[in-house]
Amino acid sequence: MARYAAVDIGSNSVRLEVAEVIAGNAPRILASERQVTRLGVSVFREGRIGAEAMEALCGMLASMAVIWKRHDVLSIRAVATAAVRDARNQAEFLTRASAALGADIEVISGQEEARLIHLGVASRWPHENERFLIIDIGGGSA
């Protein structure tokens, strides 16, 4: 039984999922957290992540670190999307946020973000032989 954690740092919220994966079965969610951050507000207005938003997010990530570490995961993947992609103070943010989370945070491209969203939806779509359209109404990546 392998356990994995994922963190998604978006423009409006941050999310943690910890799951147990057994071949041939749907993943079993062990922990799930979501917090509204509005991280993108300052980026889209001023071009940088504001000090208050960064401090609040780092606090949330530190709380999430306690959760994922408690579940003895094999690995964690933490990604950041549009707001962090566009922030002039991206390097400072990544240093502080990675330290708070206890794991490296990867800034992913819009294409990689779309690929991951597609994989997530397709893994749960009950009609595998039907065509479907996915629209992600994100805070900065829509």
# chains A, B, ... in the order shown; residues from 1 in each chain; ligands from 1

call {"tool": "residues_around", "arguments": {"residues": "Ala80 in chain A", "least_positions_apart": "5", "cutoff": "9 Å", "atoms": "only C-alpha atoms", "output": "number ranges by chain"}}
result
A: 7-11, 85, 105-108

call {"tool": "residues_around", "arguments": {"residues": "Ala53 in chain A", "least_positions_apart": "4", "cutoff": "9 Å", "atoms": "only C-alpha atoms", "output": "ChimeraX atom specification"}}
result
/A:37-39,42,49,57-58

call {"tool": "residues_around", "arguments": {"residues": "Glu17 in chain A", "least_positions_apart": "3", "cutoff": "7 Å", "atoms": "only C-alpha atoms", "output": "MDAnalysis selection string"}}
result
chainID A and resid 5:7 31:33

call {"tool": "closest_residue", "arguments": {"among": "A:Ala97, A:Val41, A:Ile134, A:Ala51", "to": "Ala122 in chain A", "atoms": "only C-alpha atoms"}}
result
A:Ile134

call {"tool": "select_by_dssp", "arguments": {"residues": "range 11-120 of chain A", "states": "helix (DSSP H, G or I)", "output": "PDB file with N, CA and C atoms, in the first residue's frame"}}
result
ATOM      1  N   GLY A  40      -3.604  35.193  -5.702  1.00  0.00           N
ATOM      2  CA  GLY A  40      -3.477  35.888  -6.975  1.00  0.00           C
ATOM      3  C   GLY A  40      -3.877  37.345  -6.959  1.00  0.00           C
ATOM      4  N   VAL A  41      -4.635  37.780  -5.968  1.00  0.00           N
ATOM      5  CA  VAL A  41      -5.126  39.165  -5.959  1.00  0.00           C
ATOM      6  C   VAL A  41      -3.979  40.158  -6.077  1.00  0.00           C
ATOM      7  N   SER A  42      -2.971  40.023  -5.216  1.00  0.00           N
ATOM      8  CA  SER A  42      -1.856  40.973  -5.258  1.00  0.00           C
ATOM      9  C   SER A  42      -1.002  40.782  -6.514  1.00  0.00           C
ATOM     10  N   VAL A  43      -0.887  39.555  -6.987  1.00  0.00           N
ATOM     11  CA  VAL A  43      -0.089  39.304  -8.196  1.00  0.00           C
ATOM     12  C   VAL A  43      -0.743  39.972  -9.398  1.00  0.00           C
ATOM     13  N   PHE A  44      -2.031  39.819  -9.541  1.00  0.00           N
ATOM     14  CA  PHE A  44      -2.705  40.365 -10.708  1.00  0.00           C
ATOM     15  C   PHE A  44      -2.816  41.884 -10.647  1.00  0.00           C
ATOM     16  N   ARG A  45      -2.736  42.462  -9.442  1.00  0.00           N
ATOM     17  CA  ARG A  45      -2.793  43.933  -9.289  1.00  0.00           C
ATOM     18  C   ARG A  45      -1.406  44.577  -9.293  1.00  0.00           C
ATOM     19  N   GLU A  46      -0.465  43.932  -8.579  1.00  0.00           N
ATOM     20  CA  GLU A  46       0.840  44.558  -8.352  1.00  0.00           C
ATOM     21  C   GLU A  46       2.015  43.786  -8.940  1.00  0.00           C
ATOM     22  N   ALA A  51       3.118  40.488   1.074  1.00  0.00           N
ATOM     23  CA  ALA A  51       3.717  39.945   2.307  1.00  0.00           C
ATOM     24  C   ALA A  51       2.681  39.251   3.175  1.00  0.00           C
ATOM     25  N   GLU A  52       1.513  39.849   3.311  1.00  0.00           N
ATOM     26  CA  GLU A  52       0.456  39.264   4.145  1.00  0.00           C
ATOM     27  C   GLU A  52      -0.033  37.941   3.561  1.00  0.00           C
ATOM     28  N   ALA A  53      -0.229  37.906   2.245  1.00  0.00           N
ATOM     29  CA  ALA A  53      -0.683  36.668   1.586  1.00  0.00           C
ATOM     30  C   ALA A  53       0.373  35.575   1.694  1.00  0.00           C
ATOM     31  N   MET A  54       1.645  35.957   1.538  1.00  0.00           N
ATOM     32  CA  MET A  54       2.720  34.973   1.631  1.00  0.00           C
ATOM     33  C   MET A  54       2.801  34.399   3.047  1.00  0.00           C
ATOM     34  N   GLU A  55       2.691  35.262   4.039  1.00  0.00           N
ATOM     35  CA  GLU A  55       2.757  34.817   5.429  1.00  0.00           C
ATOM     36  C   GLU A  55       1.606  33.857   5.750  1.00  0.00           C
ATOM     37  N   ALA A  56       0.406  34.231   5.314  1.00  0.00           N
ATOM     38  CA  ALA A  56      -0.766  33.382   5.572  1.00  0.00           C
ATOM     39  C   ALA A  56      -0.623  32.031   4.889  1.00  0.00           C
ATOM     40  N   LEU A  57      -0.179  32.029   3.641  1.00  0.00           N
ATOM     41  CA  LEU A  57      -0.034  30.769   2.908  1.00  0.00           C
ATOM     42  C   LEU A  57       1.028  29.891   3.550  1.00  0.00           C
ATOM     43  N   CYS A  58       2.131  30.474   3.972  1.00  0.00           N
ATOM     44  CA  CYS A  58       3.184  29.677   4.629  1.00  0.00           C
ATOM     45  C   CYS A  58       2.660  29.031   5.905  1.00  0.00           C
ATOM     46  N   GLY A  59       1.802  29.738   6.633  1.00  0.00           N
ATOM     47  CA  GLY A  59       1.177  29.140   7.814  1.00  0.00           C
ATOM     48  C   GLY A  59       0.297  27.958   7.449  1.00  0.00           C
ATOM     49  N   MET A  60      -0.464  28.097   6.373  1.00  0.00           N
ATOM     50  CA  MET A  60      -1.318  27.000   5.906  1.00  0.00           C
ATOM     51  C   MET A  60      -0.471  25.809   5.470  1.00  0.00           C
ATOM     52  N   LEU A  61       0.628  26.076   4.751  1.00  0.00           N
ATOM     53  CA  LEU A  61       1.499  24.998   4.285  1.00  0.00           C
ATOM     54  C   LEU A  61       2.167  24.280   5.453  1.00  0.00           C
ATOM     55  N   ALA A  62       2.529  25.006   6.498  1.00  0.00           N
ATOM     56  CA  ALA A  62       3.118  24.379   7.685  1.00  0.00           C
ATOM     57  C   ALA A  62       2.110  23.433   8.343  1.00  0.00           C
ATOM     58  N   SER A  63       0.845  23.835   8.387  1.00  0.00           N
ATOM     59  CA  SER A  63      -0.207  22.958   8.930  1.00  0.00           C
ATOM     60  C   SER A  63      -0.395  21.727   8.063  1.00  0.00           C
ATOM     61  N   MET A  64      -0.331  21.911   6.750  1.00  0.00           N
ATOM     62  CA  MET A  64      -0.464  20.787   5.828  1.00  0.00           C
ATOM     63  C   MET A  64       0.720  19.835   5.936  1.00  0.00           C
ATOM     64  N   ALA A  65       1.904  20.371   6.237  1.00  0.00           N
ATOM     65  CA  ALA A  65       3.094  19.531   6.401  1.00  0.00           C
ATOM     66  C   ALA A  65       2.907  18.538   7.538  1.00  0.00           C
ATOM     67  N   VAL A  66       2.296  18.991   8.624  1.00  0.00           N
ATOM     68  CA  VAL A  66       2.031  18.103   9.760  1.00  0.00           C
ATOM     69  C   VAL A  66       1.152  16.940   9.301  1.00  0.00           C
ATOM     70  N   ILE A  67       0.154  17.233   8.479  1.00  0.00           N
ATOM     71  CA  ILE A  67      -0.785  16.210   8.013  1.00  0.00           C
ATOM     72  C   ILE A  67      -0.092  15.209   7.098  1.00  0.00           C
ATOM     73  N   TRP A  68       0.623  15.697   6.057  1.00  0.00           N
ATOM     74  CA  TRP A  68       1.202  14.733   5.119  1.00  0.00           C
ATOM     75  C   TRP A  68       2.313  13.913   5.756  1.00  0.00           C
ATOM     76  N   LYS A  69       3.064  14.495   6.668  1.00  0.00           N
ATOM     77  CA  LYS A  69       4.141  13.752   7.319  1.00  0.00           C
ATOM     78  C   LYS A  69       3.599  12.673   8.257  1.00  0.00           C
ATOM     79  N   ARG A  70       2.446  12.904   8.834  1.00  0.00           N
ATOM     80  CA  ARG A  70       1.813  11.942   9.739  1.00  0.00           C
ATOM     81  C   ARG A  70       1.396  10.665   9.000  1.00  0.00           C
ATOM     82  N   ALA A  82      -0.783  29.638 -11.790  1.00  0.00           N
ATOM     83  CA  ALA A  82      -0.729  30.957 -12.428  1.00  0.00           C
ATOM     84  C   ALA A  82      -0.190  32.088 -11.568  1.00  0.00           C
ATOM     85  N   ALA A  83      -0.681  32.240 -10.358  1.00  0.00           N
ATOM     86  CA  ALA A  83      -0.248  33.375  -9.535  1.00  0.00           C
ATOM     87  C   ALA A  83       1.263  33.330  -9.294  1.00  0.00           C
ATOM     88  N   VAL A  84       1.772  32.163  -8.971  1.00  0.00           N
ATOM     89  CA  VAL A  84       3.207  32.041  -8.705  1.00  0.00           C
ATOM     90  C   VAL A  84       4.003  32.128 -10.002  1.00  0.00           C
ATOM     91  N   ARG A  85       3.455  31.581 -11.085  1.00  0.00           N
ATOM     92  CA  ARG A  85       4.120  31.701 -12.390  1.00  0.00           C
ATOM     93  C   ARG A  85       4.373  33.164 -12.742  1.00  0.00           C
ATOM     94  N   ASP A  86       3.395  34.020 -12.432  1.00  0.00           N
ATOM     95  CA  ASP A  86       3.446  35.423 -12.840  1.00  0.00           C
ATOM     96  C   ASP A  86       4.091  36.356 -11.821  1.00  0.00           C
ATOM     97  N   GLN A  90       8.738  35.428  -7.226  1.00  0.00           N
ATOM     98  CA  GLN A  90       8.555  33.977  -7.247  1.00  0.00           C
ATOM     99  C   GLN A  90       9.649  33.254  -6.460  1.00  0.00           C
ATOM    100  N   ALA A  91      10.907  33.639  -6.627  1.00  0.00           N
ATOM    101  CA  ALA A  91      12.013  32.941  -5.952  1.00  0.00           C
ATOM    102  C   ALA A  91      11.873  33.034  -4.431  1.00  0.00           C
ATOM    103  N   GLU A  92      11.570  34.221  -3.930  1.00  0.00           N
ATOM    104  CA  GLU A  92      11.373  34.394  -2.482  1.00  0.00           C
ATOM    105  C   GLU A  92      10.208  33.533  -2.004  1.00  0.00           C
ATOM    106  N   PHE A  93       9.119  33.559  -2.755  1.00  0.00           N
ATOM    107  CA  PHE A  93       7.950  32.760  -2.388  1.00  0.00           C
ATOM    108  C   PHE A  93       8.313  31.279  -2.319  1.00  0.00           C
ATOM    109  N   LEU A  94       8.994  30.765  -3.351  1.00  0.00           N
ATOM    110  CA  LEU A  94       9.323  29.338  -3.391  1.00  0.00           C
ATOM    111  C   LEU A  94      10.229  28.938  -2.232  1.00  0.00           C
ATOM    112  N   THR A  95      11.171  29.774  -1.888  1.00  0.00           N
ATOM    113  CA  THR A  95      12.064  29.481  -0.760  1.00  0.00           C
ATOM    114  C   THR A  95      11.275  29.379   0.535  1.00  0.00           C
ATOM    115  N   ARG A  96      10.448  30.379   0.805  1.00  0.00           N
ATOM    116  CA  ARG A  96       9.691  30.401   2.062  1.00  0.00           C
ATOM    117  C   ARG A  96       8.613  29.320   2.106  1.00  0.00           C
ATOM    118  N   ALA A  97       7.888  29.154   1.013  1.00  0.00           N
ATOM    119  CA  ALA A  97       6.789  28.183   0.984  1.00  0.00           C
ATOM    120  C   ALA A  97       7.322  26.750   1.045  1.00  0.00           C
ATOM    121  N   SER A  98       8.415  26.465   0.349  1.00  0.00           N
ATOM    122  CA  SER A  98       9.007  25.121   0.394  1.00  0.00           C
ATOM    123  C   SER A  98       9.477  24.780   1.796  1.00  0.00           C
ATOM    124  N   ALA A  99      10.073  25.757   2.479  1.00  0.00           N
ATOM    125  CA  ALA A  99      10.521  25.532   3.855  1.00  0.00           C
ATOM    126  C   ALA A  99       9.323  25.243   4.759  1.00  0.00           C
ATOM    127  N   ALA A 100       8.234  25.988   4.582  1.00  0.00           N
ATOM    128  CA  ALA A 100       7.040  25.782   5.413  1.00  0.00           C
ATOM    129  C   ALA A 100       6.417  24.413   5.163  1.00  0.00           C
ATOM    130  N   LEU A 101       6.381  23.988   3.909  1.00  0.00           N
ATOM    131  CA  LEU A 101       5.765  22.711   3.546  1.00  0.00           C
ATOM    132  C   LEU A 101       6.672  21.522   3.849  1.00  0.00           C
ATOM    133  N   GLY A 110       1.150  26.227 -17.798  1.00  0.00           N
ATOM    134  CA  GLY A 110      -0.276  26.081 -18.048  1.00  0.00           C
ATOM    135  C   GLY A 110      -0.592  24.758 -18.728  1.00  0.00           C
ATOM    136  N   GLN A 111       0.294  24.321 -19.611  1.00  0.00           N
ATOM    137  CA  GLN A 111       0.088  23.032 -20.299  1.00  0.00           C
ATOM    138  C   GLN A 111       0.154  21.866 -19.328  1.00  0.00           C
ATOM    139  N   GLU A 112       1.124  21.894 -18.423  1.00  0.00           N
ATOM    140  CA  GLU A 112       1.233  20.815 -17.430  1.00  0.00           C
ATOM    141  C   GLU A 112       0.037  20.841 -16.489  1.00  0.00           C
ATOM    142  N   GLU A 113      -0.405  22.025 -16.136  1.00  0.00           N
ATOM    143  CA  GLU A 113      -1.596  22.157 -15.290  1.00  0.00           C
ATOM    144  C   GLU A 113      -2.805  21.521 -15.975  1.00  0.00           C
ATOM    145  N   ALA A 114      -2.982  21.812 -17.252  1.00  0.00           N
ATOM    146  CA  ALA A 114      -4.104  21.233 -18.008  1.00  0.00           C
ATOM    147  C   ALA A 114      -3.972  19.714 -18.104  1.00  0.00           C
ATOM    148  N   ARG A 115      -2.752  19.218 -18.308  1.00  0.00           N
ATOM    149  CA  ARG A 115      -2.528  17.767 -18.398  1.00  0.00           C
ATOM    150  C   ARG A 115      -2.912  17.078 -17.093  1.00  0.00           C
ATOM    151  N   LEU A 116      -2.512  17.666 -15.979  1.00  0.00           N
ATOM    152  CA  LEU A 116      -2.832  17.060 -14.679  1.00  0.00           C
ATOM    153  C   LEU A 116      -4.330  17.095 -14.401  1.00  0.00           C
ATOM    154  N   ILE A 117      -4.985  18.187 -14.757  1.00  0.00           N
ATOM    155  CA  ILE A 117      -6.437  18.279 -14.585  1.00  0.00           C
ATOM    156  C   ILE A 117      -7.118  17.204 -15.422  1.00  0.00           C
ATOM    157  N   HIS A 118      -6.668  17.045 -16.660  1.00  0.00           N
ATOM    158  CA  HIS A 118      -7.256  16.011 -17.531  1.00  0.00           C
ATOM    159  C   HIS A 118      -7.078  14.622 -16.928  1.00  0.00           C
ATOM    160  N   LEU A 119      -5.888  14.320 -16.442  1.00  0.00           N
ATOM    161  CA  LEU A 119      -5.652  13.002 -15.828  1.00  0.00           C
ATOM    162  C   LEU A 119      -6.572  12.770 -14.635  1.00  0.00           C
ATOM    163  N   GLY A 120      -6.744  13.801 -13.819  1.00  0.00           N
ATOM    164  CA  GLY A 120      -7.616  13.673 -12.653  1.00  0.00           C
ATOM    165  C   GLY A 120      -9.061  13.412 -13.032  1.00  0.00           C
TER     166      GLY A 120
END

call {"tool": "atom_distance", "arguments": {"atom1": "CA of Val18 in chain A", "atom2": "CA of Val73 in chain A"}}
result
7.9 Å

call {"tool": "residues_around", "arguments": {"residues": "Ala19 in chain A", "least_positions_apart": "5", "cutoff": "7 Å", "atoms": "only C-alpha atoms", "output": "list in words"}}
result
Arg3, Tyr4, Ala5, Pro27, Arg28, Ile29 and Leu30 of chain A

call {"tool": "write_last_selection", "arguments": {"atoms": "N, CA and C atoms", "output": "short mmCIF file (atom, residue, chain, number, x, y, z; two decimals), in the first residue's frame"}}
result
data_model
loop_
_atom_site.label_atom_id
_atom_site.label_comp_id
_atom_site.auth_asym_id
_atom_site.auth_seq_id
_atom_site.Cartn_x
_atom_site.Cartn_y
_atom_site.Cartn_z
N ARG A 3 1.54 5.24 -0.27
CA ARG A 3 0.85 6.48 0.08
C ARG A 3 1.59 7.66 -0.55
N TYR A 4 0.81 8.58 -1.10
CA TYR A 4 1.34 9.75 -1.77
C TYR A 4 0.58 10.99 -1.31
N ALA A 5 1.25 12.13 -1.41
CA ALA A 5 0.61 13.41 -1.09
C ALA A 5 0.77 14.34 -2.28
N PRO A 27 -7.82 5.17 -5.79
CA PRO A 27 -7.08 5.64 -4.61
C PRO A 27 -8.01 5.89 -3.43
N ARG A 28 -7.54 5.59 -2.25
CA ARG A 28 -8.32 5.84 -1.03
C ARG A 28 -7.78 7.11 -0.39
N ILE A 29 -8.62 8.13 -0.31
CA ILE A 29 -8.22 9.41 0.26
C ILE A 29 -8.09 9.28 1.77
N LEU A 30 -6.92 9.61 2.28
CA LEU A 30 -6.64 9.53 3.72
C LEU A 30 -6.76 10.88 4.40
#

call {"tool": "atom_distance", "arguments": {"atom1": "CA of Ala2 in chain A", "atom2": "CA of Ala78 in chain A"}}
result
17.5 Å

call {"tool": "atom_distance", "arguments": {"atom1": "CA of Leu16 in chain A", "atom2": "CA of Arg88 in chain A"}}
result
25.1 Å

call {"tool": "closest_residue", "arguments": {"among": "A:Thr81, A:Asn129, A:Ser75, A:Ser13", "to": "Asp104 in chain A", "atoms": "only C-alpha atoms"}}
result
A:Ser75
